[in-house]
Amino acid sequence: MASPVLSNVYLDRLDQWIEHRLLPEYNLGRRRRPNPDYEAVENAIARAKRHGDRAEVRRLSLRRRQLPSQDPADPGYRRLRYVRYADDWLLGFAGPRHEAEEIKSKIAVFLRDELKLELSPSKTLITHAASQAARFLGYEIKAQHSDTKITRNRRAVNGAIGLFVPRDVIRQKSALYMSGGRPAQRGALLHDDDFTIVAKYQSEYAGLVQYYLLAQDVFRLGRLHWVMETSLLKTLAGKHRSTVGKMARKYRAITVTPAGPRKVLQVTIERDRGRKPLVTRFGGIPLRRVRTAVLTDQRPVMASAKRNELIHRLLAGRCELCEGTAGLEVHHIRKLADLDKPGRREKPPWMHLMAKRRRKTLVICRRCHEDIHAGRATTPYPK
């Protein structure tokens, strides 16, 4: 599909058909019936309590904790859920596999007959959520299982769907900063100043972390952090013909985050006329899941900018949209072609400015940055 907008227009008929035909057909029952095995253990616990047999109560309580309270094979209960983004879609189904195959076949027929589209067998997979992960928008999605995670005297995560960072994503992203299996310097950055080098690494790292903040195991990006930090230090050491240790001692700092203090690499540039210094850091992002994180539709990529130009624009000390002077940040886009996607509505002022300058970065204040990501109108840029 050319763009998410065109996908939404063309696949709206699929959405309507699934919502009004498939979902009513495959959503059955209000709740699962009680599990007979669970009820039997419950009754045994009640008898042990009446006889004052505490040891038996403890043994049976542990046994009960290993059983689902409801019957997972209840033939009178089914649940079907559907979500789509652009031309990627996902169905979650609580029911037998043969019915899942039936649903897949019905969708294939609808796409072929009504939309003239073919369902790709290699990309349209049926996975068992408890043992296999489904891929959707760069995340792995699977059911969780733990008999030891207890909340309010119940197993809190069993059967709950979780989002996870794919291991191969971490390997692939780490490989961009490695050579021969080890973190390596980036020769293309050796002619940039230290501020720009650190800012580029942070932009790339923060973009990836921000994308995976919904993951249960976002902490696994700690491996990528180490690889990127080592690559950054080697790049700085190569630029100054120094050592990694000396660069680490020179730029190591502590920054305060909502999750507590974090070690970072920090470059500071003092400015005249009493203005606050320019500060850029690598790291300082707590690798903890954020349930309310908002994802953008721009995948994180390796940042680039004309050498040393970005730092001069930052030193100017003004938002390039509203000319404000407080809290300056850098907005990145993946590529200039994204500014001219077909089907896009009238471009906002910030897009016009980036297209006019042929630059993938924009120095703006925090308010304008938040407006851009929220899709709100920004203050018109100066003529």
# chains A, B, ... in the order shown; residues from 1 in each chain; ligands from 1
$ residues_around --residues "range 248-253 of chain A" --least-positions-apart "4" --cutoff "9 Å" --atoms "only C-alpha atoms" --output "list of chain:residue names"
A:Leu233, A:Thr243, A:Val244, A:Arg262, A:Lys263, A:Val264, A:Leu265, A:Gln266, A:Val267, A:Arg281
$ residues_around --residues "Arg167 in chain A" --least-positions-apart "4" --cutoff "9 Å" --atoms "only C-alpha atoms" --output "CSV table (one decimal) with N, CA and C atoms, in the first residue's frame"
chain,number,residue,atom,x,y,z
A,171,ARG,N,19.6,-8.0,18.1
A,171,ARG,CA,20.8,-8.4,17.4
A,171,ARG,C,21.1,-7.5,16.2
A,172,GLN,N,20.0,-7.3,15.4
A,172,GLN,CA,20.2,-6.5,14.2
A,172,GLN,C,20.6,-5.1,14.4
A,220,ARG,N,15.7,-5.6,28.1
A,220,ARG,CA,16.7,-6.3,27.3
A,220,ARG,C,17.4,-5.3,26.3
$ closest_residue --among "A:Leu90, A:Pro4, A:Arg291, A:Ala337" --to "Leu213 in chain A" --atoms "only C-alpha atoms"
A:Arg291
$ residues_around --residues "range 366-372 of chain A" --least-positions-apart "5" --cutoff "7 Å" --atoms "only C-alpha atoms" --output "PyMOL selection string"
chain A and resi 327-329+331+377-378
$ residues_around --residues "Ala133 in chain A" --least-positions-apart "3" --cutoff "6 Å" --atoms "only C-alpha atoms" --output "list in words"
Glu140, Ile141 and Lys142 of chain A
$ closest_residue --among "A:Arg334, A:Glu102, A:Leu321, A:Met351" --to "Val363 in chain A" --atoms "only C-alpha atoms"
A:Leu321
